[in-house]
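Reading through the structure tokens given below for one structure.
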Amino acid sequence: MLSKYEMRTKDEKLNALHEVMQEITLAALYRAGFFENAAFYGGTCLRIFHKLPRFSEDMDFSLLQRDDFFSLEPYFSAIEVEFKAYGRQVEIVRKEKKTATSVEPAFLNDNTEIYNIRFKTEKSVKIKIEVDKNPPLRFNTEEKLLMLPFSFMARCFDISGLYAGKMHAMLFRNRKGRVKGRDWYDFEWHIRNGHIIDFEHLKERALQKGYDGAEEFTPELFLTMLKDIIRNTEIEQVIADVRPFIQNRDELKIWSTGYFVQLTDMIRFK
């Protein structure tokens with residue numbers, strides 16, 4: 001599985017290892033029936049199933065319906081067995097979260113905790129998995145084929161819903177002083193490929209998680225808020241965040257505040 005990657009640098013090797021781990025984890029979840037109850041979304045979904053030309057670290061899932069009692073613990077053994085079949089042993093390690101959220105972070109009932117899957121022999125190589133147990137609804141899903149490590153189908157958000165989730169992240173992600181340039185890269189990619197935002201799902205996300213204004217959340221308000229975010233963010237920080245995850249860094253030469261403001265004017269709504 002690693003043979004298809006160029007691994008000339010440390011970043012390239014780490015990105016390749018992460019992606020193979022993600023694909024094996026998806027295979028394990030498929031075998032265990034996980035996709036009967038949940039769907040894959042986020043940057044890693046875009047990378048694996050839609051050929052987004054940047055690597056990604058975390059795996060984000062959403063339940064199809066709210067279930068506060070849902071637990072990923074029953075899937076532990078399936079993941080461990082799948083990795084063992086490919087000659088690697090993994091451990092699932094808990095990491096404390098400082099604040100509670102509706103997202104179940106990686107395999108635990110308690111919303112204040114998070115787990116990483118990592119190699120026992122290379123503990124720095126790890127992926128994080130989160131499942132939203134109280135998801136914003138009004139999204140559509142589709143079955144997407146992955147042929148490695150074997151052929152199987154994973155339930156994913158459709159491309160318009162993935163776009164909506166990415167734009168929600170650009171507006172409302174808790175940055176904690178760190179800019180997530182990967183969101184900006186994905187935004188540019190959606191525009192370049194002519195995708196259309198599922199605005200109803202974006203609105204559902206915004207009203208549940210992030211937007212608390214008195215004014216109705218409309219496409220016009222969304223565009224205004226997005227331009228404000230772009231104008232008030234240091235573009236150098238955006239570029240620095242995404243640089244390790246892409247191979248062709250010349251893509252970033254055109255990046256500027258004005259460039260992203262003009263991309264905003266090209267957004268299309270469903």
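Naming scheme: A, B, ... for chains in displayed order of the structure tokens; residues 1 onward per chain; ligands 1 onward as shown.
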(message) Report as number ranges by chain all protein, DNA and RNA residues lying within 9 Å of A:Met153, evaluated on only C-alpha atoms, omitting residues in the same chain fewer than 3 positions from it.
(response) A: 27, 30, 35, 143-147
(request) Using only C-alpha atoms, determine which residues lie at most 12 Å from stretch 120-126 of chain A, disregarding the query and same-chain residues fewer than 3 positions distant; provide the list as a PyMOL selection string. (result) chain A and resi 10-11+13-22+25+56-59+80+83-84+87-93+106+115-117+129
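Proximity to stretch 240-242 of chain A at 9 Å, evaluated using only C-alpha atoms and with sequence-adjacent residues fewer than 4 positions away removed, yields Arg54, Arg178, Val179, Lys180, Gly181, Arg182, Asp183, Trp184, Tyr185, Ile235, Glu236 and Ile246 of chain A.
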Let me see the file: selected residues, C-alpha atoms, as a PDB file, in the first residue's frame.
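Output saved as out-v4.pdb:
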ATOM      1  CA  ARG A  54      -3.454  17.327  -0.159  1.00  0.00           C
ATOM      2  CA  ARG A 178      -3.907  28.439  15.125  1.00  0.00           C
ATOM      3  CA  VAL A 179      -5.119  28.979  11.583  1.00  0.00           C
ATOM      4  CA  LYS A 180      -6.246  25.846   9.716  1.00  0.00           C
ATOM      5  CA  GLY A 181      -4.901  26.561   6.241  1.00  0.00           C
ATOM      6  CA  ARG A 182      -6.101  23.151   5.107  1.00  0.00           C
ATOM      7  CA  ASP A 183      -9.666  24.499   5.232  1.00  0.00           C
ATOM      8  CA  TRP A 184      -8.638  27.281   2.868  1.00  0.00           C
ATOM      9  CA  TYR A 185      -6.970  24.825   0.498  1.00  0.00           C
ATOM     10  CA  ILE A 235      -2.352  34.752   4.993  1.00  0.00           C
ATOM     11  CA  GLU A 236       1.196  33.758   5.991  1.00  0.00           C
ATOM     12  CA  ILE A 246       0.866  19.234  -0.301  1.00  0.00           C
TER      13      ILE A 246
END
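Atom CA of A:Glu200 is found 17.1 Å from atom CA of A:Asn134.
Closest approach to A:Ala38 among A:Arg243, A:Arg8, A:Lys128, A:Arg155 is made by A:Arg155 (distances from only C-alpha atoms).
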